[in-house]
file coords_3.cif (mmCIF, C-alpha atoms)
data_structure
#
loop_
_atom_site.label_atom_id
_atom_site.label_comp_id
_atom_site.auth_asym_id
_atom_site.auth_seq_id
_atom_site.Cartn_x
_atom_site.Cartn_y
_atom_site.Cartn_z
CA MET A 1195 1.60 -8.94 -30.04
CA GLN A 1196 1.28 -12.66 -29.77
CA ALA A 1197 -2.34 -12.51 -28.71
CA ALA A 1198 -3.34 -10.64 -31.86
CA ALA A 1199 -2.76 -13.73 -33.98
CA MET A 1200 -4.65 -15.92 -31.60
CA PRO A 1201 -7.75 -16.84 -33.57
CA LYS A 1202 -5.74 -18.22 -36.50
CA LYS A 1203 -3.44 -20.16 -34.23
CA ALA A 1204 -6.35 -21.43 -32.28
CA GLU A 1205 -8.07 -22.65 -35.43
CA GLN A 1206 -5.00 -24.55 -36.46
CA GLN A 1207 -4.94 -26.18 -33.05
CA ALA A 1208 -8.62 -26.92 -33.24
CA GLU A 1209 -8.22 -28.85 -36.49
CA SER A 1210 -5.83 -31.26 -34.87
CA ALA A 1211 -7.59 -31.32 -31.52
CA PRO A 1212 -9.42 -34.41 -30.33
CA GLU A 1213 -13.19 -34.29 -29.95
CA GLU A 1214 -13.08 -34.25 -26.17
CA SER A 1215 -10.45 -33.74 -23.51
CA ASN A 1216 -9.97 -32.59 -19.94
CA PHE A 1217 -9.63 -28.94 -20.95
CA SER A 1218 -9.62 -26.42 -18.18
CA PRO A 1219 -9.02 -22.67 -18.57
CA VAL A 1220 -6.31 -22.90 -15.96
CA GLY A 1221 -4.77 -26.00 -17.40
CA GLY A 1222 -5.70 -28.27 -14.51
CA ILE A 1223 -6.73 -31.86 -15.00
CA GLN A 1224 -10.34 -32.46 -14.15
CA GLU A 1225 -11.91 -35.50 -12.57
CA PRO A 1226 -13.72 -37.71 -15.11
CA SER A 1227 -17.07 -36.84 -13.54
CA GLU A 1228 -16.39 -33.13 -14.10
CA ARG A 1229 -15.34 -33.43 -17.72
CA VAL A 1230 -16.96 -31.10 -20.16
CA ALA A 1231 -16.67 -30.86 -23.91
CA ARG A 1232 -13.62 -28.96 -25.03
CA PRO A 1233 -14.09 -25.58 -26.66
CA GLU A 1234 -12.05 -26.59 -29.68
CA TRP A 1235 -10.96 -23.39 -31.33
CA VAL A 1236 -9.10 -21.67 -28.50
CA SER A 1237 -8.24 -24.37 -26.02
CA GLY A 1238 -4.63 -23.89 -24.95
CA GLU A 1239 -4.24 -20.24 -25.93
CA PHE A 1240 -7.23 -19.07 -23.96
CA GLY A 1241 -6.17 -21.17 -21.00
CA LYS A 1242 -2.87 -19.29 -20.98
CA ILE A 1243 -4.65 -15.95 -21.11
CA TYR A 1244 -6.84 -16.95 -18.17
CA GLU A 1245 -3.89 -18.19 -16.17
CA GLU A 1246 -1.88 -15.04 -16.76
CA HIS A 1247 -4.57 -12.40 -16.26
CA SER A 1248 -7.37 -13.83 -14.12
CA GLN A 1249 -5.77 -12.81 -10.81
CA CYS A 1250 -5.55 -9.11 -11.67
CA ILE A 1251 -9.06 -9.13 -13.17
CA TYR A 1252 -10.53 -10.83 -10.10
CA TYR A 1253 -8.76 -8.43 -7.75
CA LEU A 1254 -9.92 -5.35 -9.65
CA ALA A 1255 -13.51 -6.65 -9.65
CA LEU A 1256 -13.28 -7.55 -5.96
CA ARG A 1257 -12.20 -4.11 -4.89
CA LEU A 1258 -14.46 -2.23 -7.31
CA LEU A 1259 -17.54 -4.22 -6.35
CA GLY A 1260 -16.58 -4.95 -2.73
CA ASP A 1261 -18.09 -8.41 -2.76
CA PRO A 1262 -16.26 -11.72 -3.41
CA THR A 1263 -19.30 -13.44 -4.94
CA GLN A 1264 -19.95 -10.57 -7.33
CA ALA A 1265 -16.25 -10.49 -8.17
CA GLN A 1266 -16.34 -14.19 -9.05
CA ASP A 1267 -19.35 -13.64 -11.29
CA ALA A 1268 -17.68 -10.62 -12.89
CA THR A 1269 -14.44 -12.53 -13.55
CA HIS A 1270 -16.40 -15.34 -15.19
CA ASP A 1271 -18.41 -12.88 -17.31
CA VAL A 1272 -15.36 -10.85 -18.35
CA PHE A 1273 -13.48 -13.91 -19.60
CA LEU A 1274 -16.56 -15.25 -21.33
CA LYS A 1275 -16.98 -11.90 -23.11
CA ALA A 1276 -13.30 -11.95 -24.03
CA TYR A 1277 -13.69 -15.48 -25.38
CA ARG A 1278 -16.65 -14.44 -27.52
CA LYS A 1279 -14.96 -11.29 -28.78
CA MET A 1280 -11.44 -12.57 -29.20
CA ASP A 1281 -11.66 -11.98 -32.95
CA GLN A 1282 -12.31 -8.28 -32.22
CA PHE A 1283 -9.10 -7.91 -30.24
CA ARG A 1284 -6.92 -5.86 -32.56
CA GLY A 1285 -3.74 -5.88 -30.54
CA GLU A 1286 -3.48 -2.07 -30.41
CA ALA A 1287 -3.25 -2.26 -26.64
CA GLY A 1288 -2.01 -5.18 -24.60
CA ILE A 1289 -4.42 -7.98 -23.87
CA ARG A 1290 -4.37 -7.11 -20.18
CA THR A 1291 -5.43 -3.54 -20.97
CA TRP A 1292 -8.23 -4.94 -23.15
CA LEU A 1293 -9.38 -7.25 -20.36
CA TYR A 1294 -9.24 -4.38 -17.87
CA ARG A 1295 -11.46 -2.31 -20.18
CA ILE A 1296 -14.04 -5.10 -20.31
CA THR A 1297 -13.85 -5.43 -16.52
CA ILE A 1298 -14.26 -1.71 -15.85
CA ASN A 1299 -17.25 -1.49 -18.21
CA HIS A 1300 -18.78 -4.57 -16.67
CA CYS A 1301 -18.38 -3.28 -13.11
CA GLN A 1302 -19.68 0.15 -14.13
CA ASN A 1303 -22.80 -1.48 -15.55
CA LEU A 1304 -23.27 -3.48 -12.37
CA GLN A 1305 -22.90 -0.39 -10.24
CA GLY A 1306 -25.38 1.51 -12.38
CA SER A 1307 -24.76 5.08 -11.50
CA TRP A 1308 -21.00 4.82 -11.67
CA HIS A 1309 -20.69 7.74 -14.06
CA ALA A 1310 -22.65 9.99 -11.70
CA ARG A 1311 -20.05 9.33 -9.01
CA HIS A 1312 -17.07 9.17 -11.33
CA MET A 1313 -16.41 12.89 -11.19
CA PHE A 1314 -13.31 14.03 -9.38
CA SER A 1315 -14.01 14.60 -5.71
CA ASN A 1316 -12.36 17.49 -3.88
CA ALA A 1317 -13.26 15.83 -0.59
CA ASP A 1318 -10.46 13.31 -1.20
CA ASP A 1319 -7.88 16.08 -1.25
CA ALA A 1320 -9.17 17.71 1.91
CA ILE A 1321 -8.39 14.52 3.82
CA TRP A 1322 -4.70 14.37 3.04
CA GLU A 1323 -4.08 18.10 3.01
CA THR A 1324 -4.84 18.14 6.72
CA ALA A 1325 -2.95 14.90 7.39
CA GLY A 1326 0.51 16.49 7.39
CA THR A 1327 3.61 14.50 6.54
CA MET A 1328 2.29 11.27 8.05
CA ALA A 1329 1.12 10.22 4.62
CA ASP A 1330 4.74 9.55 3.63
CA ASP A 1331 5.38 7.18 6.55
CA PRO A 1332 5.17 3.42 6.10
CA LEU A 1333 1.77 1.80 6.56
CA ARG A 1334 1.76 -0.58 9.51
CA VAL A 1335 -0.67 -3.46 9.72
CA LEU A 1336 -0.76 -5.77 12.72
CA GLU A 1337 -3.85 -7.79 11.91
CA THR A 1338 -3.63 -9.33 8.46
CA LYS A 1339 -7.07 -10.89 8.95
CA GLU A 1340 -8.78 -7.53 8.94
CA LEU A 1341 -6.54 -6.03 6.29
CA GLY A 1342 -8.88 -6.71 3.37
CA GLN A 1343 -11.79 -5.14 5.20
CA ARG A 1344 -9.77 -2.04 6.04
CA ILE A 1345 -8.55 -1.70 2.48
CA GLN A 1346 -12.08 -2.06 1.12
CA GLN A 1347 -13.45 0.52 3.55
CA THR A 1348 -10.63 2.91 2.70
CA LEU A 1349 -11.12 2.51 -1.06
CA GLU A 1350 -14.85 3.11 -0.70
CA LYS A 1351 -14.16 6.47 0.91
CA LEU A 1352 -12.22 7.61 -2.16
CA SER A 1353 -13.76 8.81 -5.39
CA GLU A 1354 -14.31 6.12 -8.02
CA GLU A 1355 -11.56 7.62 -10.13
CA TYR A 1356 -8.95 7.54 -7.37
CA ARG A 1357 -9.96 4.01 -6.46
CA LEU A 1358 -9.61 2.81 -10.03
CA LEU A 1359 -6.25 4.51 -10.54
CA LEU A 1360 -4.82 3.02 -7.34
CA LEU A 1361 -5.99 -0.47 -8.24
CA LEU A 1362 -4.60 -0.24 -11.77
CA VAL A 1363 -1.20 1.11 -10.75
CA ALA A 1364 -0.86 -1.62 -8.11
CA ASP A 1365 -0.56 -3.95 -11.10
CA GLN A 1366 3.15 -3.70 -11.85
CA GLU A 1367 2.56 -4.58 -15.48
CA MET A 1368 0.57 -1.40 -16.06
CA SER A 1369 2.42 1.76 -17.07
CA TYR A 1370 1.09 5.30 -16.57
CA GLU A 1371 0.60 5.46 -20.34
CA GLU A 1372 -1.54 2.32 -20.37
CA ILE A 1373 -3.56 3.52 -17.39
CA GLY A 1374 -4.03 6.85 -19.13
CA HIS A 1375 -5.19 5.05 -22.27
CA LEU A 1376 -7.67 3.03 -20.22
CA THR A 1377 -9.05 5.98 -18.29
CA GLU A 1378 -8.94 8.38 -21.25
CA GLN A 1379 -6.43 10.90 -19.94
CA SER A 1380 -2.77 11.70 -20.31
CA ALA A 1381 -0.01 9.90 -18.44
CA ASP A 1382 0.84 13.19 -16.70
CA ALA A 1383 -2.74 13.55 -15.49
CA VAL A 1384 -2.59 9.97 -14.19
CA ARG A 1385 0.66 10.70 -12.36
CA GLY A 1386 -0.73 13.82 -10.69
CA LYS A 1387 -3.97 12.19 -9.64
CA LEU A 1388 -2.16 9.12 -8.35
CA HIS A 1389 -0.02 11.30 -6.13
CA ARG A 1390 -3.15 12.71 -4.51
CA ALA A 1391 -4.94 9.35 -4.49
CA ARG A 1392 -2.06 7.66 -2.63
CA LYS A 1393 -1.97 10.40 -0.01
CA SER A 1394 -5.73 10.28 0.47
CA PHE A 1395 -5.64 6.51 0.80
CA ALA A 1396 -2.79 6.57 3.33
CA ALA A 1397 -4.49 9.22 5.46
CA ILE A 1398 -7.85 7.40 5.54
CA PHE A 1399 -6.20 4.02 6.07
CA ARG A 1400 -4.31 5.24 9.15
CA LYS A 1401 -7.44 6.68 10.63
CA SER A 1402 -9.17 3.32 10.25
CA ALA A 1403 -6.65 1.53 12.55
CA MET B 300 17.50 -28.66 45.89
CA ASN B 301 13.86 -29.37 46.40
CA PRO B 302 12.69 -31.31 43.31
CA GLU B 303 9.34 -29.54 43.41
CA PHE B 304 11.08 -26.18 43.36
CA SER B 305 13.34 -27.25 40.52
CA LYS B 306 10.35 -28.39 38.48
CA LEU B 307 8.56 -25.10 39.15
CA ARG B 308 11.60 -23.11 38.00
CA GLN B 309 11.84 -25.18 34.85
CA GLU B 310 8.20 -24.53 34.08
CA GLN B 311 8.61 -20.80 34.72
CA ARG B 312 11.67 -20.69 32.45
CA SER B 313 9.80 -22.57 29.77
CA GLU B 314 6.86 -20.19 30.00
CA ALA B 315 9.18 -17.19 29.86
CA GLU B 316 10.88 -18.58 26.77
CA GLN B 317 7.56 -19.27 25.11
CA SER B 318 6.37 -15.77 25.92
CA HIS B 319 9.60 -14.28 24.54
CA GLU B 320 9.26 -16.33 21.36
CA GLN B 321 5.64 -15.25 21.02
CA ILE B 322 6.56 -11.58 21.31
CA GLN B 323 9.36 -12.04 18.82
CA GLY B 324 6.88 -13.74 16.52
CA GLU B 325 4.43 -10.88 16.87
CA GLN B 326 7.20 -8.36 16.33
CA SER B 327 8.39 -10.13 13.20
CA GLN B 328 4.78 -10.35 11.99
CA ALA B 329 4.35 -6.63 12.62
CA LYS B 330 7.57 -5.96 10.75
CA ALA B 331 6.50 -8.25 7.91
CA ASN B 332 3.25 -6.35 7.59
CA GLU B 333 4.78 -2.93 7.25
CA PHE B 334 4.32 -1.51 3.80
CA ALA B 335 6.48 1.19 2.30
CA ASN B 336 3.65 2.60 0.23
CA VAL B 337 0.04 2.15 -0.86
CA ASP B 338 0.99 0.23 -4.01
CA ASP B 339 2.81 -2.42 -1.97
CA LEU B 340 -0.13 -2.70 0.41
CA LEU B 341 -2.55 -3.30 -2.47
CA ARG B 342 -0.21 -5.82 -4.10
CA PHE B 343 -0.07 -7.73 -0.83
CA ASP B 344 -3.86 -7.57 -0.63
CA SER B 345 -4.12 -8.92 -4.17
CA ASP B 346 -1.87 -11.85 -3.23
CA GLN B 347 -4.16 -12.58 -0.28
CA ASN B 348 -7.16 -12.85 -2.60
CA PRO B 349 -6.48 -15.51 -5.23
CA VAL B 350 -9.13 -16.32 -7.83
CA PRO B 351 -11.36 -19.10 -6.44
CA PRO B 352 -11.06 -22.27 -8.55
CA GLU B 353 -14.84 -22.34 -9.02
CA VAL B 354 -14.49 -19.48 -11.51
CA ALA B 355 -12.37 -21.61 -13.84
CA ASP B 356 -14.81 -24.51 -13.52
CA ARG B 357 -17.79 -22.28 -14.36
CA LEU B 358 -15.94 -20.68 -17.24
CA ASN B 359 -15.05 -24.09 -18.57
CA ARG B 360 -18.70 -25.11 -18.62
CA SER B 361 -19.80 -21.81 -20.16
CA MET B 362 -17.19 -22.01 -22.90
CA ALA B 363 -18.17 -25.57 -23.69
CA ALA B 364 -21.76 -24.42 -24.20
CA GLU B 365 -20.74 -21.64 -26.60
CA PRO B 366 -21.41 -22.16 -30.32
CA LYS B 367 -18.31 -22.70 -32.37
CA PRO B 368 -17.38 -19.47 -34.17
CA ARG B 369 -17.07 -19.44 -37.94
CA SER B 370 -13.55 -19.78 -39.15
CA TRP B 371 -11.84 -16.69 -40.59
CA PHE B 372 -11.62 -18.04 -44.16
CA LYS B 373 -15.33 -18.89 -44.22
CA LYS B 374 -16.09 -15.32 -43.09
CA LEU B 375 -13.80 -13.98 -45.81
CA PHE B 376 -15.27 -15.98 -48.69
CA SER B 377 -18.91 -15.77 -47.66
CA SER B 378 -19.01 -11.95 -47.69
#

call {"tool": "encode", "arguments": {"input": "coords_3.cif", "output": "structure tokens"}}
result
Amino acid sequence: MQAAAMPKKAEQQAESAPEESNFSPVGGIQEPSERVARPEWVSGEFGKIYEEHSQCIYYLALRLLGDPTQAQDATHDVFLKAYRKMDQFRGEAGIRTWLYRITINHCQNLQGSWHARHMFSNADDAIWETAGTMADDPLRVLETKELGQRIQQTLEKLSEEYRLLLLLVADQEMSYEEIGHLTEQSADAVRGKLHRARKSFAAIFRKSA
Amino acid sequence: MNPEFSKLRQEQRSEAEQSHEQIQGEQSQAKANEFANVDDLLRFDSDQNPVPPEVADRLNRSMAAEPKPRSWFKKLFSS
């Protein structure tokens, strides 16, 4: 993968890089008053990584933590960790999978007792088993303003595992195999659990209207 | 025709049209916000929550404060 060779490439760029520039992780031009010294050895490459993956990392953190400020802090911390450990990225999994792993670990640490609540919850299944076929109908939303709140409340009623699986599979770049690799289970197990997770979510979401 | 009456009718027609347009707007909004499945709903939600630009600014400052890592060939020959 291209990202695997990043440190070498970045060093080559750093040798020819000027002492200072308007570097921004997202490639934007900063005002002179906001200029900061350029991190020389990764400049452009890391900016591309941030641009490509920051949205999915922020969204995962937002919905795992349920708080925009904490999600901002988490996104910052995850990319700073990735920047520090870029030489440890071996390219066995995709860079997005690697970033997701850092994010999940980071959010688990923030939530403290995540592992205690990580265990599969039968309560999730009870919800959709009694919901009938309505779970297969489209989800209608009239008030977009309150949508985020409803989604957050619905996710919080699911087990941590179901919540994580739903958020990961919503990222179209993630395959069942990659999600299985991330959550340490087979792709078939992911598929089965996702089926139940989607039905649970739909049933709870409709009730919240 | 009484000009006052004509004006009143015009206003009523205008209000009726506005009301009709408003309902159509609401209907189209309702249609636009119908999601075939949970994945689509969450993708829409993700699009509604872009990363705030402050994160990039903070990261920029943090990265600038980081010590420069040793280059790979120095690591190789110093071990």

call {"tool": "closest_atom_pairs", "arguments": {"input": "coords_3.cif", "of": "chain B", "to": "chain A", "cutoff": "7 Å", "atoms": "all atoms listed in the file", "output": "tab-separated table"}}
result
residue	atom	partner	partner_atom	distance
B:Ala329	CA	A:Leu1336	CA	5.2
B:Asn332	CA	A:Val1335	CA	5.3
B:Glu333	CA	A:Arg1334	CA	4.4
B:Phe334	CA	A:Leu1333	CA	5.0
B:Ala335	CA	A:Pro1332	CA	4.6
B:Asn336	CA	A:Pro1332	CA	6.1
B:Val337	CA	A:Arg1392	CA	6.2
B:Asp338	CA	A:Ala1364	CA	4.9
B:Leu341	CA	A:Ala1364	CA	6.1
B:Arg342	CA	A:Ala1364	CA	5.8
B:Asp344	CA	A:Gly1342	CA	6.5
B:Ser345	CA	A:Tyr1253	CA	5.9
B:Asn348	CA	A:Tyr1253	CA	7.0
B:Pro349	CA	A:Gln1249	CA	6.2
B:Val350	CA	A:Gln1249	CA	5.7
B:Val354	CA	A:His1270	CA	5.9
B:Ala355	CA	A:Pro1219	CA	5.9
B:Leu358	CA	A:His1270	CA	5.7
B:Asn359	CA	A:Ser1218	CA	5.9
B:Arg360	CA	A:Val1230	CA	6.4
B:Met362	CA	A:Pro1233	CA	6.0
B:Ala363	CA	A:Pro1233	CA	5.0

call {"tool": "atom_distance", "arguments": {"input": "coords_3.cif", "atom1": "atom CA of A:Ala1397", "atom2": "atom CA of A:Gln1343"}}
result
16.1 Å

call {"tool": "closest_residue", "arguments": {"input": "coords_3.cif", "among": "A:Leu1349, A:Leu1358, A:Met1368, A:Ala1255", "to": "A:Arg1290", "atoms": "only C-alpha atoms"}}
result
A:Met1368

call {"tool": "atom_distance", "arguments": {"input": "coords_3.cif", "atom1": "atom CA of A:Gly1374", "atom2": "atom CA of B:Asp346"}}
result
24.6 Å
